[in-house]
Amino acid sequence: MDKEVNKVLLVGTTNHLRSENTSQEYLDELEKLAFTLGYKTVGRVIVKLRDVSPSTFIGKGKAWEIKELALRTGADEVIFDDDLSPRQLKNLEEIIGKEITDRTGMILEIFANHARTKEAKTQIELASLEYLLPRLRRRWTHLERQIGGIGVRGGAGETQLEVDRRLVRERIAKLRRELMEIEKERAVQRKRRDSMFRISLVGYTNTGKSTIMNLLTPANVKAEDKLFATLDTTTRIWNIDRHHKVLLSDTIGFIRKLPHNLIASFRSTLREVEEADLIIKVADISSSQCLEQLESVDEVLKQIGANHKPSIIVFNKIDTMNEEIFKKARQLYPQAIFISALQKLKVDSIRQAVLETIKKEEIELSLNLPLVKTKEISLLKNNVQILNETYLDGIANIKFRCYKKVWKWLEAKIYKNLSTEKANTQG
């Protein structure tokens, strides 16, 4: 017997700052989020808001109208495209008589379903519990089972709700400690990569980042036509040409109004973007919201302090593109690249653009090293492009080209290892 599909009613809002067309496009995205969870949308409604009601967000009258619509459509759950306060959630559930979910709650549920690694699961659980804590009510007496039953017994006079809150706080503290340890391990891993130029693929969810990653490297990243198909960062070596080898990372997809606690919890994952030498922003040119989605990506980059890094913009899915959006994109971003990763159209233009960018970061140097320093000579040759080398009177003169950051790493290694003899470097 097939599992019964959860039927949902979607609620969006419009005001003097947001047109109804924009609100409809936001609901399109919310419907995709619902589809990602396996839900069936049975109705959509947009509420015109003059002012936000502190108690119900949309006002009691509108809440009663949604109650009637939910009954008519047979909805099991009502999902709001806006974030609701704990008080608003509680009051809306009492009026409508259905389970109420807001945008953040839905995104957290999707992330929980898609988390695969220990790191992703830890990050999602932390964000979910921080979201849940102020929303705890008596009906969540199952919480102690979810958290593992540790410290379930309350003290004298401690209610079940107080026990639940205490359990959540203890679990949050434990998860934060675990993430700190994970971040330390990641920092060590990133330190080992200082000898290579690092590039991060970023973009709105479902823009084709994973497909691009798979085309450029043997990554075999899961690529699906669903929001947030992948959550974990995948890093692979990309041999751009015989002289240029870089590390390419495919990162978590962004989305409009990405919950702040989610960004905070995914800090260790997003550190890959923070420490990248170059960012490739991927946008979906077939979406009517393409340019707005690109702004959302820039907003997240700003939040993590990576908005000033060198970047290349890649508009993907030109095989199904919107002509009007294409003209706007060409005008706003004349240096951007337009490709179709799925159809493998113009993908080589990414390689060419990346080469042009990283060549600006290259320097040419000449280094004199004693021939007896075989370890240092080998280290140099393994990490640079050799242009010329000559040997005279026990000294190796090596002319080479490499990235500035690679030379900084090499310089520290070579000079640390040299004792009495000193290397002589010329620019």
# chains A, B, ... in the order shown; residues from 1 in each chain; ligands from 1

$ select_by_dssp --residues "region 216-323 of chain A" --states "helix (DSSP H, G or I)" --output "PyMOL selection string"
chain A and resi 216+260-265+267-274+290-303+318-320+323

$ write_last_selection --atoms "N, CA and C atoms" --output "mmCIF file, in the first residue's frame"
data_model
loop_
_atom_site.group_PDB
_atom_site.id
_atom_site.type_symbol
_atom_site.label_atom_id
_atom_site.label_comp_id
_atom_site.auth_asym_id
_atom_site.auth_seq_id
_atom_site.Cartn_x
_atom_site.Cartn_y
_atom_site.Cartn_z
ATOM 1 N N LEU A 216 33.483 19.025 -14.891
ATOM 2 C CA LEU A 216 34.849 19.526 -14.784
ATOM 3 C C LEU A 216 35.789 18.563 -14.063
ATOM 4 N N HIS A 260 18.886 32.290 9.318
ATOM 5 C CA HIS A 260 20.159 32.727 9.886
ATOM 6 C C HIS A 260 20.812 31.635 10.734
ATOM 7 N N ASN A 261 19.989 30.896 11.512
ATOM 8 C CA ASN A 261 20.577 29.858 12.356
ATOM 9 C C ASN A 261 21.134 28.716 11.523
ATOM 10 N N LEU A 262 20.599 28.561 10.300
ATOM 11 C CA LEU A 262 21.124 27.536 9.397
ATOM 12 C C LEU A 262 22.496 27.957 8.873
ATOM 13 N N ILE A 263 22.623 29.241 8.531
ATOM 14 C CA ILE A 263 23.919 29.765 8.075
ATOM 15 C C ILE A 263 24.948 29.619 9.193
ATOM 16 N N ALA A 264 24.536 29.926 10.428
ATOM 17 C CA ALA A 264 25.441 29.816 11.571
ATOM 18 C C ALA A 264 25.869 28.368 11.796
ATOM 19 N N SER A 265 24.911 27.435 11.697
ATOM 20 C CA SER A 265 25.222 26.023 11.928
ATOM 21 C C SER A 265 26.122 25.454 10.840
ATOM 22 N N ARG A 267 28.480 26.932 9.365
ATOM 23 C CA ARG A 267 29.666 27.792 9.276
ATOM 24 C C ARG A 267 30.905 27.018 8.823
ATOM 25 N N SER A 268 31.092 25.810 9.372
ATOM 26 C CA SER A 268 32.287 25.043 9.014
ATOM 27 C C SER A 268 32.250 24.616 7.555
ATOM 28 N N THR A 269 31.047 24.319 7.033
ATOM 29 C CA THR A 269 30.907 23.954 5.629
ATOM 30 C C THR A 269 31.157 25.173 4.741
ATOM 31 N N LEU A 270 30.601 26.311 5.141
ATOM 32 C CA LEU A 270 30.731 27.534 4.340
ATOM 33 C C LEU A 270 32.126 28.150 4.420
ATOM 34 N N ARG A 271 32.936 27.655 5.378
ATOM 35 C CA ARG A 271 34.307 28.157 5.492
ATOM 36 C C ARG A 271 35.085 27.885 4.204
ATOM 37 N N GLU A 272 34.689 26.846 3.483
ATOM 38 C CA GLU A 272 35.327 26.521 2.212
ATOM 39 C C GLU A 272 35.176 27.692 1.232
ATOM 40 N N VAL A 273 34.008 28.352 1.288
ATOM 41 C CA VAL A 273 33.756 29.510 0.435
ATOM 42 C C VAL A 273 34.544 30.717 0.942
ATOM 43 N N GLU A 274 34.563 30.899 2.259
ATOM 44 C CA GLU A 274 35.278 32.028 2.856
ATOM 45 C C GLU A 274 36.755 32.025 2.475
ATOM 46 N N CYS A 290 15.812 34.664 -11.917
ATOM 47 C CA CYS A 290 17.259 34.470 -12.013
ATOM 48 C C CYS A 290 18.067 35.593 -11.358
ATOM 49 N N LEU A 291 17.767 36.826 -11.700
ATOM 50 C CA LEU A 291 18.555 37.951 -11.195
ATOM 51 C C LEU A 291 18.326 38.178 -9.704
ATOM 52 N N GLU A 292 17.080 37.938 -9.255
ATOM 53 C CA GLU A 292 16.788 38.046 -7.822
ATOM 54 C C GLU A 292 17.517 36.947 -7.044
ATOM 55 N N GLN A 293 17.600 35.753 -7.647
ATOM 56 C CA GLN A 293 18.307 34.647 -6.999
ATOM 57 C C GLN A 293 19.791 34.954 -6.866
ATOM 58 N N LEU A 294 20.340 35.612 -7.879
ATOM 59 C CA LEU A 294 21.746 36.009 -7.824
ATOM 60 C C LEU A 294 21.977 37.009 -6.692
ATOM 61 N N GLU A 295 21.014 37.892 -6.474
ATOM 62 C CA GLU A 295 21.094 38.837 -5.357
ATOM 63 C C GLU A 295 21.056 38.103 -4.015
ATOM 64 N N SER A 296 20.245 37.044 -3.932
ATOM 65 C CA SER A 296 20.171 36.239 -2.703
ATOM 66 C C SER A 296 21.508 35.572 -2.411
ATOM 67 N N VAL A 297 22.167 35.108 -3.461
ATOM 68 C CA VAL A 297 23.489 34.491 -3.309
ATOM 69 C C VAL A 297 24.481 35.522 -2.778
ATOM 70 N N ASP A 298 24.455 36.728 -3.357
ATOM 71 C CA ASP A 298 25.349 37.794 -2.904
ATOM 72 C C ASP A 298 25.086 38.159 -1.447
ATOM 73 N N GLU A 299 23.816 38.097 -1.044
ATOM 74 C CA GLU A 299 23.448 38.417 0.338
ATOM 75 C C GLU A 299 24.051 37.403 1.307
ATOM 76 N N VAL A 300 23.986 36.114 0.961
ATOM 77 C CA VAL A 300 24.584 35.083 1.819
ATOM 78 C C VAL A 300 26.099 35.234 1.857
ATOM 79 N N LEU A 301 26.715 35.515 0.698
ATOM 80 C CA LEU A 301 28.158 35.724 0.659
ATOM 81 C C LEU A 301 28.559 36.900 1.550
ATOM 82 N N LYS A 302 27.717 37.919 1.561
ATOM 83 C CA LYS A 302 27.975 39.086 2.417
ATOM 84 C C LYS A 302 27.912 38.694 3.886
ATOM 85 N N GLN A 303 26.937 37.851 4.227
ATOM 86 C CA GLN A 303 26.782 37.416 5.617
ATOM 87 C C GLN A 303 27.981 36.630 6.124
ATOM 88 N N ILE A 318 21.063 27.613 -20.662
ATOM 89 C CA ILE A 318 20.706 28.457 -21.812
ATOM 90 C C ILE A 318 19.811 27.714 -22.813
ATOM 91 N N ASP A 319 19.772 26.382 -22.694
ATOM 92 C CA ASP A 319 18.924 25.619 -23.617
ATOM 93 C C ASP A 319 17.443 25.830 -23.342
ATOM 94 N N THR A 320 17.102 26.332 -22.154
ATOM 95 C CA THR A 320 15.692 26.611 -21.811
ATOM 96 C C THR A 320 15.541 28.035 -21.286
ATOM 97 N N GLU A 323 14.324 34.635 -22.817
ATOM 98 C CA GLU A 323 14.986 35.631 -23.669
ATOM 99 C C GLU A 323 15.069 37.009 -23.008
#

$ closest_residue --among "A:Ile240, A:Val78, A:Val11, A:Ile414" --to "Val45 (chain A)" --atoms "only C-alpha atoms"
A:Val11

$ closest_atom_pairs --of "region 239-281 of chain A" --to "region 29-33 of chain A" --cutoff "12 Å" --atoms "only C-alpha atoms" --output "CSV"
residue,atom,partner,partner_atom,distance
A:Ile255,CA,A:Glu29,CA,9.6
A:Arg256,CA,A:Glu29,CA,9.4
A:Lys257,CA,A:Leu30,CA,11.8

$ write_last_selection --atoms "C-alpha atoms" --output "CSV table (one decimal), in the first residue's frame"
chain,number,residue,atom,x,y,z
A,255,ILE,CA,17.9,30.1,-1.2
A,256,ARG,CA,15.9,33.3,-0.6
A,257,LYS,CA,15.6,34.1,3.1

$ atom_distance --atom1 "CA of Thr207 (chain A)" --atom2 "CA of Ile285 (chain A)"
8.7 Å

$ residues_around --residues "region 91-103 of chain A" --least-positions-apart "4" --cutoff "12 Å" --atoms "only C-alpha atoms" --output "number ranges by chain"
A: 6-12, 26-27, 29-31, 33-34, 53-71, 74-87, 107-110, 131-132, 135, 255-259

$ select_by_dssp --residues "region 8-115 of chain A" --states "strand (DSSP E or B)" --output "PDB file with N, CA and C atoms, in the first residue's frame"
ATOM      1  N   VAL A   8      -1.044  19.871   1.206  1.00  0.00           N
ATOM      2  CA  VAL A   8      -0.738  21.153   1.849  1.00  0.00           C
ATOM      3  C   VAL A   8      -1.387  22.327   1.121  1.00  0.00           C
ATOM      4  N   LEU A   9      -1.709  23.328   1.908  1.00  0.00           N
ATOM      5  CA  LEU A   9      -2.220  24.602   1.401  1.00  0.00           C
ATOM      6  C   LEU A   9      -1.132  25.642   1.618  1.00  0.00           C
ATOM      7  N   LEU A  10      -0.769  26.373   0.562  1.00  0.00           N
ATOM      8  CA  LEU A  10       0.309  27.357   0.640  1.00  0.00           C
ATOM      9  C   LEU A  10      -0.251  28.765   0.805  1.00  0.00           C
ATOM     10  N   VAL A  11       0.362  29.534   1.699  1.00  0.00           N
ATOM     11  CA  VAL A  11      -0.095  30.902   1.974  1.00  0.00           C
ATOM     12  C   VAL A  11       1.054  31.887   1.766  1.00  0.00           C
ATOM     13  N   GLY A  12       0.858  32.822   0.852  1.00  0.00           N
ATOM     14  CA  GLY A  12       1.826  33.890   0.643  1.00  0.00           C
ATOM     15  C   GLY A  12       1.204  35.229   1.010  1.00  0.00           C
ATOM     16  N   THR A  13       1.994  36.269   1.017  1.00  0.00           N
ATOM     17  CA  THR A  13       1.466  37.602   1.357  1.00  0.00           C
ATOM     18  C   THR A  13       1.972  38.633   0.353  1.00  0.00           C
ATOM     19  N   THR A  14       1.208  39.691   0.211  1.00  0.00           N
ATOM     20  CA  THR A  14       1.625  40.811  -0.630  1.00  0.00           C
ATOM     21  C   THR A  14       1.368  42.104   0.129  1.00  0.00           C
ATOM     22  N   ASN A  15       2.149  43.133  -0.183  1.00  0.00           N
ATOM     23  CA  ASN A  15       1.971  44.438   0.462  1.00  0.00           C
ATOM     24  C   ASN A  15       2.393  45.526  -0.512  1.00  0.00           C
ATOM     25  N   ARG A  18       5.628  44.661  -2.273  1.00  0.00           N
ATOM     26  CA  ARG A  18       5.741  43.408  -3.033  1.00  0.00           C
ATOM     27  C   ARG A  18       4.497  43.198  -3.877  1.00  0.00           C
ATOM     28  N   LYS A  40       1.890  17.191  -1.624  1.00  0.00           N
ATOM     29  CA  LYS A  40       1.041  17.561  -2.757  1.00  0.00           C
ATOM     30  C   LYS A  40       0.345  18.880  -2.423  1.00  0.00           C
ATOM     31  N   THR A  41       0.557  19.887  -3.258  1.00  0.00           N
ATOM     32  CA  THR A  41      -0.091  21.187  -3.044  1.00  0.00           C
ATOM     33  C   THR A  41      -1.521  21.123  -3.577  1.00  0.00           C
ATOM     34  N   VAL A  42      -2.492  21.368  -2.685  1.00  0.00           N
ATOM     35  CA  VAL A  42      -3.906  21.304  -3.081  1.00  0.00           C
ATOM     36  C   VAL A  42      -4.540  22.686  -3.178  1.00  0.00           C
ATOM     37  N   GLY A  43      -3.788  23.715  -2.812  1.00  0.00           N
ATOM     38  CA  GLY A  43      -4.321  25.074  -2.902  1.00  0.00           C
ATOM     39  C   GLY A  43      -3.266  26.115  -2.593  1.00  0.00           C
ATOM     40  N   ARG A  44      -3.463  27.315  -3.145  1.00  0.00           N
ATOM     41  CA  ARG A  44      -2.569  28.443  -2.916  1.00  0.00           C
ATOM     42  C   ARG A  44      -3.403  29.685  -2.693  1.00  0.00           C
ATOM     43  N   VAL A  45      -2.974  30.527  -1.778  1.00  0.00           N
ATOM     44  CA  VAL A  45      -3.692  31.766  -1.525  1.00  0.00           C
ATOM     45  C   VAL A  45      -2.694  32.863  -1.173  1.00  0.00           C
ATOM     46  N   ILE A  46      -2.969  34.073  -1.654  1.00  0.00           N
ATOM     47  CA  ILE A  46      -2.133  35.228  -1.317  1.00  0.00           C
ATOM     48  C   ILE A  46      -2.975  36.220  -0.522  1.00  0.00           C
ATOM     49  N   VAL A  47      -2.480  36.571   0.639  1.00  0.00           N
ATOM     50  CA  VAL A  47      -3.177  37.494   1.537  1.00  0.00           C
ATOM     51  C   VAL A  47      -2.580  38.892   1.394  1.00  0.00           C
ATOM     52  N   LYS A  48      -3.458  39.885   1.162  1.00  0.00           N
ATOM     53  CA  LYS A  48      -2.989  41.267   1.092  1.00  0.00           C
ATOM     54  C   LYS A  48      -2.842  41.810   2.513  1.00  0.00           C
ATOM     55  N   SER A  53      -0.009  41.350  11.866  1.00  0.00           N
ATOM     56  CA  SER A  53      -0.650  41.151  13.169  1.00  0.00           C
ATOM     57  C   SER A  53       0.319  40.426  14.099  1.00  0.00           C
ATOM     58  N   PHE A  57      -0.214  37.131  12.503  1.00  0.00           N
ATOM     59  CA  PHE A  57       0.517  37.545  11.301  1.00  0.00           C
ATOM     60  C   PHE A  57      -0.420  38.122  10.231  1.00  0.00           C
ATOM     61  N   GLU A  77      -2.185  20.261   6.098  1.00  0.00           N
ATOM     62  CA  GLU A  77      -1.228  21.190   6.690  1.00  0.00           C
ATOM     63  C   GLU A  77      -1.264  22.500   5.920  1.00  0.00           C
ATOM     64  N   VAL A  78      -1.003  23.603   6.619  1.00  0.00           N
ATOM     65  CA  VAL A  78      -0.941  24.932   5.990  1.00  0.00           C
ATOM     66  C   VAL A  78       0.481  25.454   6.134  1.00  0.00           C
ATOM     67  N   ILE A  79       1.073  25.840   4.988  1.00  0.00           N
ATOM     68  CA  ILE A  79       2.468  26.297   4.998  1.00  0.00           C
ATOM     69  C   ILE A  79       2.531  27.771   4.585  1.00  0.00           C
ATOM     70  N   PHE A  80       3.117  28.591   5.444  1.00  0.00           N
ATOM     71  CA  PHE A  80       3.277  30.025   5.185  1.00  0.00           C
ATOM     72  C   PHE A  80       4.658  30.291   4.571  1.00  0.00           C
ATOM     73  N   GLU A  99      -2.102  21.599  11.224  1.00  0.00           N
ATOM     74  CA  GLU A  99      -0.699  21.844  11.524  1.00  0.00           C
ATOM     75  C   GLU A  99      -0.211  23.014  10.678  1.00  0.00           C
ATOM     76  N   ILE A 100       0.517  23.945  11.297  1.00  0.00           N
ATOM     77  CA  ILE A 100       1.027  25.134  10.612  1.00  0.00           C
ATOM     78  C   ILE A 100       2.554  25.045  10.550  1.00  0.00           C
ATOM     79  N   THR A 101       3.089  25.299   9.366  1.00  0.00           N
ATOM     80  CA  THR A 101       4.545  25.332   9.186  1.00  0.00           C
ATOM     81  C   THR A 101       4.908  26.637   8.498  1.00  0.00           C
TER      82      THR A 101
END

$ atom_distance --atom1 "CA of Glu275 (chain A)" --atom2 "CA of Lys408 (chain A)"
15.4 Å

$ atom_distance --atom1 "CA of Ile339 (chain A)" --atom2 "CA of Asn307 (chain A)"
23.3 Å

$ closest_residue --among "A:Cys402, A:Lys327, A:Val384, A:Tyr333" --to "Lys360 (chain A)" --atoms "only C-alpha atoms"
A:Cys402

$ closest_residue --among "A:Val202, A:Leu37, A:Val188, A:Ile280" --to "Phe111 (chain A)" --atoms "only C-alpha atoms"
A:Leu37

$ closest_residue --among "A:Thr233, A:Thr205, A:Gln335, A:Leu392" --to "Arg116 (chain A)" --atoms "only C-alpha atoms"
A:Thr233

$ residues_around --residues "Pro310 (chain A)" --least-positions-apart "5" --cutoff "8 Å" --atoms "only C-alpha atoms" --output "PyMOL selection string"
chain A and resi 277-279

$ residues_around --residues "region 399-401 of chain A" --least-positions-apart "2" --cutoff "9 Å" --atoms "only C-alpha atoms" --output "count of residues only"
18

$ residues_around --residues "region 172-179 of chain A" --least-positions-apart "6" --cutoff "8 Å" --atoms "only C-alpha atoms" --output "ChimeraX atom specification"
/A:119,122-123,125-126,129-130,268
